[in-house]
Structures are given as structure tokens and as C-alpha cells.
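A.B. asks: Before anything else, here's the structure in question.
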Amino acid sequence: MLCLALPMSMSSALGQSEAQDTVEPMVFPPTILLVGPESSQQIVVQQAAALNRTIDLTRQVIYRTSDSNIITIDSLGVVKPINEGAATVIVELNEWSKTIPVTVEGLKTPRPVSFRSDIQPILTKAACNSGGCHGKAEGQNGFKLSVFAFDDEFDHDSITRHGRGRRINIASPASSLLLKKATGLLPHGGGRKVPVDGLWHHQLQRWIAEGASLDEQGSNSVDHLEVYPSQLEVQSNSGLQLQVFAVDNDGKKRCVTREAEFFSNAEAVARPDEDGWVHVDDVPGEAAILVRYRGNVQTSRIRLPQHFKVTPPPARNQIDTLVWDRLSTLGIQPSPVSDDATFLRRVYLDTIGTLPTHNEAREFLSSPAADKRITLINQLLNRPEYADFWAMKWADILRVDREIIKPPGTIAMTRWLREQFAINRPYDEFVSDIVTARGNTSNESPAAMYLVHNDPEKLARSISQVFLGVRIECAQCHQHPFERWGQEDYFAFAGFFSGIKNKKTSASGTKIYDEAGSDLKHPRSGEAVPFAGLGAPPVVPPSEDAPPSAVSRRDALSSWITARDNPFLAKMIVNRLWAHYFGRGLVDPVDDIRETNPASNEPLMEFLTEYTKEHSFDLKKLTALILNSSTYQLSSVTNESNLQDQQNFSHSTWRSVPAEVLLDAISQVTDVPESFNGWPAGYRAIEIWDNRMPSYFFRVFGKPQRVSVCECERGSDPSIAQALHLMNAPESIAKIQHRNGAARQLATSNATEDEIIETLYLATFSRFPNDDELALMRTAFADSGVTRQEAVEDIVWALLNSREFVFNH
């Protein structure tokens, strides 16, 4: 008999308060079959507790074996074979026990080790073929493997033949360089990757002894993965064990927990280690644990609720209903709806990238109308600044780069973007126009984009990420590590753009047009890959005698993208808009939508996706729905239950103001317009089309250079350089002290000191000062050595350098 765990009382394992509500523990699997000398089985022991929670006892129970000559089991619940035969595992905790039958076979005449199914998973789990080791483009120290084992033939050849065949020694497997390096018996830059005398060590050595062969394609193939538990509600400051099965085409299962890889999309909630043990702290929410094995992926949902009673504000629309449902499930009390001043400033900055003036703020705050927020939202969506602001954002996303497409093309495309938002062009038509753009790049159209994204593969990556939310670039070289996309999908999608051509028409203009194009070749097989949408069947090309207008592959792409049943387009724009207004998408990152990275509130994502389709991709209607929700209008002041919540939108978050918006705000508060080099006076930063304009302010506050389609290019993290610039920059001081600026206007006016302070607070924070702030600011006028204008300037400087001014909350 073998005992490998310290005893623990049932009540202490479960918590005294819940012990009386528990039921008998469950052990999974109920029976175990071990086939082969390197097989293993992870056991999971769970107990249902109060409040629908489950407690994992896998590492708390005692394990014993009925025959240690047949099997061993460690304190983590991993069963391994010793000899063929039958035995049992006894699981105990106090008076409770459970017996699990175990059968061991296939040790005397084991099946040959499979390079594809046995060796490659070891190299992947040990990170030998990761991008930071032998999987990088140039390899490591002369040894190169394909990233994440996507090319079995290449890897087998590299191990057995490259390096003059010195990496393995079939005559003396134990002396093979591959083994000695992996186990650390010889110096290895990557350190020890394979434990000495462990199952991996034995399996690698047996493979070499059997001749280090490459088995046939499709042998021992994995059809799918099963993860247990697939979903679980747990307690805070706990842990749980995942169990992973590879299921072949015949339905046979084998435990691959030891070789599987584990990742979390919300590590603050739940973070797995390499053994599949998931650590849960005290941050409420839900995490999707992604499990990967041999190119197959599956997820397990881990939810951590709280015990707080939830009484949300009144729901104003379906968004609130779905968010409140989610928060109630997690025991998170949302913050109250924000006051009028907070809402006013937030909605102005988010919607039109512009601060309300002090007069606009005063008028809104003094209005008694019950529907004034609804009215304001409708007004903002129809202001010209809305089109300016969103044209700027989409010019960043689409990389409207003056250096590549020249000033005429940059101006033309920026004007086109502004017009689309001004007329509220349906988003599906907007995307279709971009995907099929043709003509002169100097005309007002999106054609200039095809000078920046100027080859089929670059276009495939950009269009997929921007409009579909699919980061397909990984599949260019290997199977996507977290998705189903492979090289065939990548080159099929890139085939849509193989017919795009351009021709110079003038010094500043280029014509974009289409030819028939041709299918791209698979880089490994050399075979042509028919062009197709992601996950869609190949497009049937038009006949050879069809007119030129029918030949465009991009027209076929447009039809696929904008089809009602397209699974990507509506979901992606919903997520992009939600991320803009809340600081985080329902899916995060915003452009990484996949089954293995689910939305934090999937019913809400489904509702908004259908709402967008049903309302013909009307972005203003979708935006109004979001802005009118109580969820958007919640306060940023947290409570005990939602303090740590970062994914369920229980409160507003403090967000950095974009560089252009902040510069415009400073100019508006000081009443001194910014002077842009070569531009007429009066232009605002959000109207500037020149992304290469020299500006220290833009650089230090993170204005993107438009070198990537990812919104992450825009800097959003505050820095010391930003704070020092605001406090000391001659440009800011000059605006404050300007002879025609707001400070001087107020100082020379007939306004009282309190009225001046009130006006400045309305201009910067969109609210009236409270009594303490009023008393503090009065002291600026009390100093006998300071003039009235200097006092006003000091107040302006202090307000512009406050956290409340430089952040949107």
C-alpha cells in the first residue's frame, strides 16, 4: 500500500459554514484503462457544496493503491503503470472512501511510439518548438523546429537528419544528444525541459530505440478534445484540477492532461499551471481556460461568484437587463448611475471627442427635463464633430498614412471617411465600399488604402483583423495555436486579393483596378488553394467569357462579408463600439474574436449582434442604444462587491483621453487654438489628416503613426513624461497666459471670483465646484502679491494638471 497525501478533515476542506450542506464527493473517471508504458491518468475529485459551488478535493484526499507492483499514484492524483494487470485506486477523506478499478495493458508488447501523436506533444509542452526557442525563424544554435509542431515531416527530418544526424543515436538511445540536452545532462541554454527518468524521458528514449521513425499521416489522429470539468462554479482562494482527453476517430479516449497546454483569457480570475491545476483568487468573474493539444483546442469555463445581494438600477433597455443578469449571477452590485455632470463630460468625449463648453455644461446641468440625456445623445450623434472624430479613428485603423499614399490620397480618403459618418452610411455598405474600392487614389474614396495594404497576404491579414476580428496572421506559417485556422484557410482568404493592380496616373495619383487574379499556392504542398471566406466553401469563379466586371474576386468577398449569415462582421463592429465606449470589449482584445476567447457576456453579445443586423447596420442607432443604457451611464465610484471587477461592466472605468482630444480640450479651456504647422488657424486636432505632423505633444500622449491596423497602437497608459509636459511645457503655459486667452478674459471681466471659479470648473470638468473646492480656489485670489489675472492663470494651470481633466471617467 502507498499513502501519499496528508489527512485533512472534511469540514476544514470544505469550510465549516458549508460542510453541513455538502454531498458525497465524486471521482472522475470511475474506471481507468492504462495502455502502454508511458500512459497516465489524472484523477479529479470534486464535492458539491452550498450555493451551487463545487469544491475540488483532488489535492486534499489520500490516495492508496491495492497493488503497487501494478500502478503508482502520486499526491496530485496521477496514476502511472508499472506492470500489466488489474489493481484499484482507493481515494479517502476521513470516513469516506471510493475505489476505482484500474486495468493496465500493452506494456509487454507496447505499440510503437508515434512521432506525430507522442513525441510532438512532448516537444510542444516543453516549449522546445516555441517562438522563443527552436521554433523561431532562424532556429536556436543550429537546431530548428516548426512552430507548435505544425510540420511533422520537417521536425522529424530536423531531429534525425540535420546536424549530420548527431542528435540521436539509435544504437545507444540513452546517449542521444536530443535526450541529454532535454534532460539537462548536458549544458542546454533552455535549461531542463524533460525530467530525468520521467515518462517523457522514457517515451523519447523508446522512440529512438525503435528506430526514430515517422509514422504515417493520420495514424493515431485526434478527432477532438474533451475537458473535464467543462464548466464549474468555484469558491474564492481555491483551486481545481482539469482533466483532458484526446478522442480519436473511433471514439476511444486517452488522458493527455500531462501533454496538454493551458491558457486563461482572464488570469485575474483563474490562472492554470502546466499540470492543469487552476488557481482561483478572489477576483469575481468568469475565465475561459483554453486547452490545446496537437492543434486541437477546447475550453473550460470557470466562474467565481460572490455572496453579495444585487439590487441594480432600473433597466433602461435590453443591454441593462442582460448586464444585470450577469452581475446577479456573479454577486456583483453595480455602481449607481452617474450624476448629470459626469455623464455630460463622458458622453461628449466618447461620442464627438470634444469637451462641452462651460455654457453647454451650465445649460444641461440646469435643465429640469426628464429626457435631457436622451435628447443630448441624439444631438451629439448629429453634430459635425461626430464625423470628424470617427473619421480620425477609422483613418488610424485603416492606416491612412500620408508617407505612403501622399497628401492628396490622405486628404481624399479622410474626406470620404468623414462623409460616411456624417450621412450615417450603413456599416455593411461602408465595409463593402472599402473591400471593393477602385479608381484614382486622389478621388474621395477608400481606394488609397490599397497602396498601404499592397499585397494579397497583407490585405488578408488586415481585412480579417479589422472587419472580422480574426487574427489570421499566425496561420500564414502554421496552424493557428488558438483557433481552427490553418495555412489552407489563410491562403484561401488571401486569394480574394490576388487580382488587385495599381497603375500610376499622375505624380500624386494611382489607379486601383482588378484583373482576374489567380489562386495562391499552398507553401508546403505547392497546390493552388481555391479562394474562400473563412470557414466557407470555395467561391465558384465566373466563366472565362464573363465580362470583366464579373471577374473581381473582391466583389465575391464583399458578398460573403456582408451576407446576413456572416458570423463575423456584425459581432466585430459591436465589439469595437463597445470597447470604445467602455474601455474594454465584450471580447478582449477587441480584434481577437474566437471560440476560445469568448465574450464576457455572451447573451449580450448575441443580442447586440442581432440588433445590428435587424437595424441594417445603423451605427448611430446602435450607439444610441449603448449610450442610453444605465450600464454606460454608471458611476466610476466602486463598491465593495465590484472593486475588482474588470470584465463585467459593473462600473465605469477611468480612461486616458486620446492625444488629439486632450490637445483640443486644452485649447478650448484656454480659448487659444493650437497652431498646426502649415495649417490655417482654427483647425482642431481631430480634424488633422496628417499623421506624420511633427508634434511632441502627439508623440508623448500616444497618437498612432498608423503602422498597424490594431487599435493597440494608440498609447493609452499614463506616463511621467505626460505629467511633466502638462506642468512645464512652454506651449501649455503660453496658452494659459495668452493675452487673448480665457484667463485674461475672465480676469478683466466683471465676474466675481466665485463666478470665475465656477466657469473654469464647468469648462474643465463640466460640473460646478463643491464647497471645499470653492474655498480652496478662493485662496488663489487672497495672496496680496498676486494679480487677479495671475490668480486665474494659477487656477487654470491647476485644473488642467488634475487627474479629473486628463482622464475620461
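Each chain in the C-alpha cells gets a letter, A, B and so on, in the order shown; residues start at 1 in every chain, and ligands are counted from 1 in the order they appear.
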Would you please extract all helix (DSSP H, G or I) residues from segment 172-206 of chain A, as assigned by DSSP on the backbone, and give them as a PyMOL selection string?
C.D. replies: chain A and resi 173-175+177-182+199-206
A.B. asks: Generate the output file for the selected residues, N, CA and C atoms, as a compact mmCIF listing (two decimals), in the first residue's frame.
C.D. replies:
# COMPACT_ATOMS: atom_id res chain seq x y z
N PRO A 173 20.44 4.70 -27.48
CA PRO A 173 19.45 5.77 -27.32
C PRO A 173 19.72 6.70 -26.13
N ALA A 174 20.17 6.11 -25.02
CA ALA A 174 20.38 6.93 -23.82
C ALA A 174 21.45 7.98 -24.00
N SER A 175 22.36 7.77 -24.96
CA SER A 175 23.44 8.74 -25.18
C SER A 175 23.09 9.76 -26.25
N LEU A 177 22.08 12.98 -28.15
CA LEU A 177 22.20 14.39 -27.78
C LEU A 177 20.84 15.01 -27.48
N LEU A 178 19.80 14.61 -28.24
CA LEU A 178 18.46 15.13 -28.00
C LEU A 178 18.02 14.87 -26.57
N LEU A 179 18.26 13.67 -26.08
CA LEU A 179 17.86 13.32 -24.72
C LEU A 179 18.71 14.02 -23.68
N LYS A 180 20.01 14.05 -23.90
CA LYS A 180 20.89 14.63 -22.88
C LYS A 180 20.69 16.14 -22.74
N LYS A 181 20.43 16.80 -23.85
CA LYS A 181 20.15 18.24 -23.79
C LYS A 181 18.81 18.49 -23.11
N ALA A 182 17.78 17.74 -23.49
CA ALA A 182 16.43 17.96 -22.96
C ALA A 182 16.38 17.70 -21.46
N LEU A 199 8.22 9.94 -17.45
CA LEU A 199 7.55 9.28 -18.57
C LEU A 199 7.98 9.86 -19.91
N TRP A 200 8.17 11.18 -19.96
CA TRP A 200 8.61 11.78 -21.22
C TRP A 200 9.99 11.25 -21.61
N HIS A 201 10.88 11.19 -20.65
CA HIS A 201 12.23 10.68 -20.89
C HIS A 201 12.16 9.26 -21.45
N HIS A 202 11.38 8.42 -20.81
CA HIS A 202 11.26 7.04 -21.26
C HIS A 202 10.65 6.94 -22.65
N GLN A 203 9.66 7.80 -22.93
CA GLN A 203 9.00 7.74 -24.23
C GLN A 203 9.93 8.19 -25.35
N LEU A 204 10.67 9.26 -25.12
CA LEU A 204 11.64 9.72 -26.11
C LEU A 204 12.71 8.66 -26.36
N GLN A 205 13.18 8.04 -25.29
CA GLN A 205 14.22 7.03 -25.43
C GLN A 205 13.70 5.79 -26.17
N ARG A 206 12.47 5.40 -25.88
CA ARG A 206 11.89 4.24 -26.57
C ARG A 206 11.69 4.53 -28.05
A.B. asks: Please identify all polymer residues within 10 Å of Thr329 of chain A, counting only C-alpha atoms, omitting same-chain residues fewer than 2 positions from it, and present them as a PyMOL selection string.
C.D. replies: chain A and resi 285+303-307+310+323-327+331-332
A.B. asks: Give me a file of those residues, with N, CA and C atoms, as a PDB file, in the first residue's frame.
C.D. replies:
ATOM      1  N   GLY A 285     -15.757  36.854 -11.439  1.00  0.00           N
ATOM      2  CA  GLY A 285     -15.890  36.877 -12.896  1.00  0.00           C
ATOM      3  C   GLY A 285     -15.863  35.472 -13.450  1.00  0.00           C
ATOM      4  N   ARG A 303     -16.152  29.889 -13.198  1.00  0.00           N
ATOM      5  CA  ARG A 303     -16.868  31.077 -12.721  1.00  0.00           C
ATOM      6  C   ARG A 303     -16.681  31.229 -11.217  1.00  0.00           C
ATOM      7  N   LEU A 304     -16.354  32.467 -10.819  1.00  0.00           N
ATOM      8  CA  LEU A 304     -16.214  32.774  -9.392  1.00  0.00           C
ATOM      9  C   LEU A 304     -17.236  33.839  -9.009  1.00  0.00           C
ATOM     10  N   PRO A 305     -18.341  33.450  -8.392  1.00  0.00           N
ATOM     11  CA  PRO A 305     -19.339  34.430  -7.933  1.00  0.00           C
ATOM     12  C   PRO A 305     -19.034  34.900  -6.516  1.00  0.00           C
ATOM     13  N   GLN A 306     -19.803  35.888  -6.063  1.00  0.00           N
ATOM     14  CA  GLN A 306     -19.691  36.406  -4.701  1.00  0.00           C
ATOM     15  C   GLN A 306     -21.026  36.209  -3.975  1.00  0.00           C
ATOM     16  N   HIS A 307     -21.049  36.601  -2.713  1.00  0.00           N
ATOM     17  CA  HIS A 307     -22.254  36.391  -1.901  1.00  0.00           C
ATOM     18  C   HIS A 307     -23.086  37.664  -1.745  1.00  0.00           C
ATOM     19  N   VAL A 310     -27.636  41.601  -4.926  1.00  0.00           N
ATOM     20  CA  VAL A 310     -27.550  42.559  -6.028  1.00  0.00           C
ATOM     21  C   VAL A 310     -28.892  43.238  -6.240  1.00  0.00           C
ATOM     22  N   VAL A 323     -26.914  42.740 -18.701  1.00  0.00           N
ATOM     23  CA  VAL A 323     -25.785  43.017 -17.808  1.00  0.00           C
ATOM     24  C   VAL A 323     -26.162  42.746 -16.361  1.00  0.00           C
ATOM     25  N   TRP A 324     -27.368  43.189 -15.945  1.00  0.00           N
ATOM     26  CA  TRP A 324     -27.794  42.939 -14.562  1.00  0.00           C
ATOM     27  C   TRP A 324     -27.917  41.429 -14.298  1.00  0.00           C
ATOM     28  N   ASP A 325     -28.399  40.664 -15.288  1.00  0.00           N
ATOM     29  CA  ASP A 325     -28.481  39.215 -15.118  1.00  0.00           C
ATOM     30  C   ASP A 325     -27.106  38.626 -14.842  1.00  0.00           C
ATOM     31  N   ARG A 326     -26.152  39.096 -15.588  1.00  0.00           N
ATOM     32  CA  ARG A 326     -24.780  38.608 -15.421  1.00  0.00           C
ATOM     33  C   ARG A 326     -24.231  38.982 -14.050  1.00  0.00           C
ATOM     34  N   LEU A 327     -24.408  40.231 -13.659  1.00  0.00           N
ATOM     35  CA  LEU A 327     -23.907  40.685 -12.364  1.00  0.00           C
ATOM     36  C   LEU A 327     -24.596  39.970 -11.213  1.00  0.00           C
ATOM     37  N   GLY A 331     -22.899  37.860  -8.263  1.00  0.00           N
ATOM     38  CA  GLY A 331     -22.956  38.522  -6.967  1.00  0.00           C
ATOM     39  C   GLY A 331     -22.223  39.852  -6.950  1.00  0.00           C
ATOM     40  N   ILE A 332     -22.313  40.599  -8.047  1.00  0.00           N
ATOM     41  CA  ILE A 332     -21.638  41.897  -8.153  1.00  0.00           C
ATOM     42  C   ILE A 332     -22.687  43.002  -8.200  1.00  0.00           C
TER      43      ILE A 332
END
A.B. asks: Give me, as a PyMOL selection string, all polymer residues having an atom no more than 7 Å from segment 696-711 of chain A, counting only C-alpha atoms and skipping those fewer than 3 positions away in the same chain.
C.D. replies: chain A and resi 396-401+462+466+659+691-692+714-716+721-722
A.B. asks: For Val672 of chain A, find every residue with an atom within 9 Å (counting only C-alpha atoms), except residues of its own chain fewer than 3 positions away, and show them as a PyMOL selection string.
C.D. replies: chain A and resi 666-669+735-736+738+740-742
A.B. asks: So which residues touch Gly142 of chain A within 9 Å, counting only C-alpha atoms, skipping near sequence neighbours fewer than 4 positions away, as number ranges by chain?
C.D. replies: A: 134, 138, 163
A.B. asks: According to DSSP computed on the backbone, where in segment 477-617 of chain A is there strand (DSSP E)? Give the residues as a VMD selection string.
C.D. replies: chain A and resid 500 to 504 510 to 514 520 to 521 528 to 529
A.B. asks: Give me, as JSON lines, each residue of segment 448-521 of chain A that comes within 7 Å of segment 562-575 of chain A, together with its shortest interatomic pair and the distance in Å at one decimal, counting only C-alpha atoms, with rows ordered by chain and rising residue number.
C.D. replies:
{"residue": "A:Phe467", "atom": "CA", "partner": "A:Leu569", "partner_atom": "CA", "distance": 5.9}
{"residue": "A:Leu468", "atom": "CA", "partner": "A:Phe568", "partner_atom": "CA", "distance": 4.8}
{"residue": "A:Gly469", "atom": "CA", "partner": "A:Met572", "partner_atom": "CA", "distance": 5.5}
A.B. asks: Print the selection's residues with N, CA and C atoms to a file, as a short mmCIF file (atom, residue, chain, number, x, y, z; two decimals), in the first residue's frame.
C.D. replies:
data_model
loop_
_atom_site.label_atom_id
_atom_site.label_comp_id
_atom_site.auth_asym_id
_atom_site.auth_seq_id
_atom_site.Cartn_x
_atom_site.Cartn_y
_atom_site.Cartn_z
N PHE A 467 -12.19 43.92 -39.94
CA PHE A 467 -13.63 43.77 -40.17
C PHE A 467 -14.22 42.46 -39.64
N LEU A 468 -13.37 41.44 -39.44
CA LEU A 468 -13.88 40.15 -38.99
C LEU A 468 -13.46 39.82 -37.56
N GLY A 469 -12.47 40.55 -37.04
CA GLY A 469 -11.99 40.26 -35.70
C GLY A 469 -11.23 38.96 -35.60
#
A.B. asks: With a distance cut-off of 8 Å and only C-alpha atoms, select the neighbouring residues of Pro384 of chain A, excluding the residue or stretch itself and same-chain residues fewer than 3 positions from it, and output the selection as JSON, numbers by chain.
C.D. replies: {"A": [387, 388, 422]}
A.B. asks: Output all heavy atoms for every residue in the selection just made, as a short mmCIF file (atom, residue, chain, number, x, y, z; two decimals), in the first residue's frame.
C.D. replies:
data_model
loop_
_atom_site.label_atom_id
_atom_site.label_comp_id
_atom_site.auth_asym_id
_atom_site.auth_seq_id
_atom_site.Cartn_x
_atom_site.Cartn_y
_atom_site.Cartn_z
N ALA A 387 -18.62 63.20 -36.97
CA ALA A 387 -17.99 62.72 -38.21
C ALA A 387 -16.49 62.96 -38.18
O ALA A 387 -15.70 62.10 -38.62
CB ALA A 387 -18.63 63.39 -39.42
N ASP A 388 -16.04 64.10 -37.66
CA ASP A 388 -14.60 64.39 -37.57
C ASP A 388 -13.89 63.36 -36.69
O ASP A 388 -12.83 62.83 -37.05
CB ASP A 388 -14.37 65.79 -36.99
CG ASP A 388 -14.85 66.90 -37.89
OD1 ASP A 388 -14.89 66.69 -39.12
OD2 ASP A 388 -15.20 67.98 -37.37
N ALA A 422 -20.90 61.26 -41.49
CA ALA A 422 -21.84 62.38 -41.50
C ALA A 422 -23.21 61.95 -42.00
O ALA A 422 -24.25 62.38 -41.48
CB ALA A 422 -21.30 63.52 -42.35
#
A.B. asks: Report, in Å to a single decimal, how far apart atom CA of Asp664 of chain A and atom CA of Leu381 of chain A are.
C.D. replies: 19.0 Å
A.B. asks: Looking at A:Ala516, A:Ala624, A:Ala447, A:Leu232, which one is nearest to Tyr581 of chain A, with distances taken over only C-alpha atoms?
C.D. replies: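 Smallest distance to Tyr581 of chain A is found for A:Ala624.
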A.B. asks: For Asn642 of chain A, list every protein, DNA or RNA residue within 10 Å, evaluated using only C-alpha atoms, and leave out those in the same chain fewer than 4 positions away; present the list as JSON, numbers by chain.
C.D. replies: {"A": [283, 284, 306, 308, 327, 331, 332, 333, 334, 335, 637, 638, 646, 648, 649, 650, 651]}
A.B. asks: With N, CA and C atoms retained, could you export that selection as an mmCIF file, in the first residue's frame?
C.D. replies:
data_model
loop_
_atom_site.group_PDB
_atom_site.id
_atom_site.type_symbol
_atom_site.label_atom_id
_atom_site.label_comp_id
_atom_site.auth_asym_id
_atom_site.auth_seq_id
_atom_site.Cartn_x
_atom_site.Cartn_y
_atom_site.Cartn_z
ATOM 1 N N VAL A 283 -10.921 37.524 -7.297
ATOM 2 C CA VAL A 283 -11.491 38.459 -8.266
ATOM 3 C C VAL A 283 -12.705 37.815 -8.916
ATOM 4 N N PRO A 284 -13.904 38.365 -8.741
ATOM 5 C CA PRO A 284 -15.101 37.728 -9.303
ATOM 6 C C PRO A 284 -15.135 37.830 -10.820
ATOM 7 N N GLN A 306 -19.803 35.888 -6.063
ATOM 8 C CA GLN A 306 -19.691 36.406 -4.701
ATOM 9 C C GLN A 306 -21.026 36.209 -3.975
ATOM 10 N N PHE A 308 -22.741 38.728 -2.409
ATOM 11 C CA PHE A 308 -23.451 39.991 -2.224
ATOM 12 C C PHE A 308 -24.851 39.937 -2.848
ATOM 13 N N LEU A 327 -24.408 40.231 -13.659
ATOM 14 C CA LEU A 327 -23.907 40.685 -12.364
ATOM 15 C C LEU A 327 -24.596 39.970 -11.213
ATOM 16 N N GLY A 331 -22.899 37.860 -8.263
ATOM 17 C CA GLY A 331 -22.956 38.522 -6.967
ATOM 18 C C GLY A 331 -22.223 39.852 -6.950
ATOM 19 N N ILE A 332 -22.313 40.599 -8.047
ATOM 20 C CA ILE A 332 -21.638 41.897 -8.153
ATOM 21 C C ILE A 332 -22.687 43.002 -8.200
ATOM 22 N N GLN A 333 -22.641 43.891 -7.247
ATOM 23 C CA GLN A 333 -23.562 45.023 -7.204
ATOM 24 C C GLN A 333 -23.027 46.137 -8.096
ATOM 25 N N PRO A 334 -23.784 46.545 -9.130
ATOM 26 C CA PRO A 334 -23.294 47.649 -9.973
ATOM 27 C C PRO A 334 -23.277 48.957 -9.212
ATOM 28 N N SER A 335 -22.415 49.848 -9.648
ATOM 29 C CA SER A 335 -22.390 51.196 -9.081
ATOM 30 C C SER A 335 -23.662 51.927 -9.478
ATOM 31 N N VAL A 637 -17.389 55.326 -9.377
ATOM 32 C CA VAL A 637 -17.179 55.088 -7.949
ATOM 33 C C VAL A 637 -17.569 53.644 -7.640
ATOM 34 N N THR A 638 -16.631 52.865 -7.124
ATOM 35 C CA THR A 638 -16.865 51.448 -6.901
ATOM 36 C C THR A 638 -17.414 51.172 -5.503
ATOM 37 N N GLN A 646 -13.255 43.756 -13.547
ATOM 38 C CA GLN A 646 -12.698 44.423 -14.718
ATOM 39 C C GLN A 646 -13.295 43.919 -16.025
ATOM 40 N N ASN A 648 -17.016 42.826 -16.336
ATOM 41 C CA ASN A 648 -18.467 42.672 -16.382
ATOM 42 C C ASN A 648 -19.221 43.993 -16.404
ATOM 43 N N PHE A 649 -18.504 45.124 -16.486
ATOM 44 C CA PHE A 649 -19.103 46.437 -16.715
ATOM 45 C C PHE A 649 -20.046 46.844 -15.586
ATOM 46 N N SER A 650 -19.607 46.555 -14.358
ATOM 47 C CA SER A 650 -20.391 46.914 -13.177
ATOM 48 C C SER A 650 -20.164 48.355 -12.755
ATOM 49 N N HIS A 651 -19.201 49.013 -13.358
ATOM 50 C CA HIS A 651 -18.931 50.420 -13.070
ATOM 51 C C HIS A 651 -18.127 50.994 -14.223
#
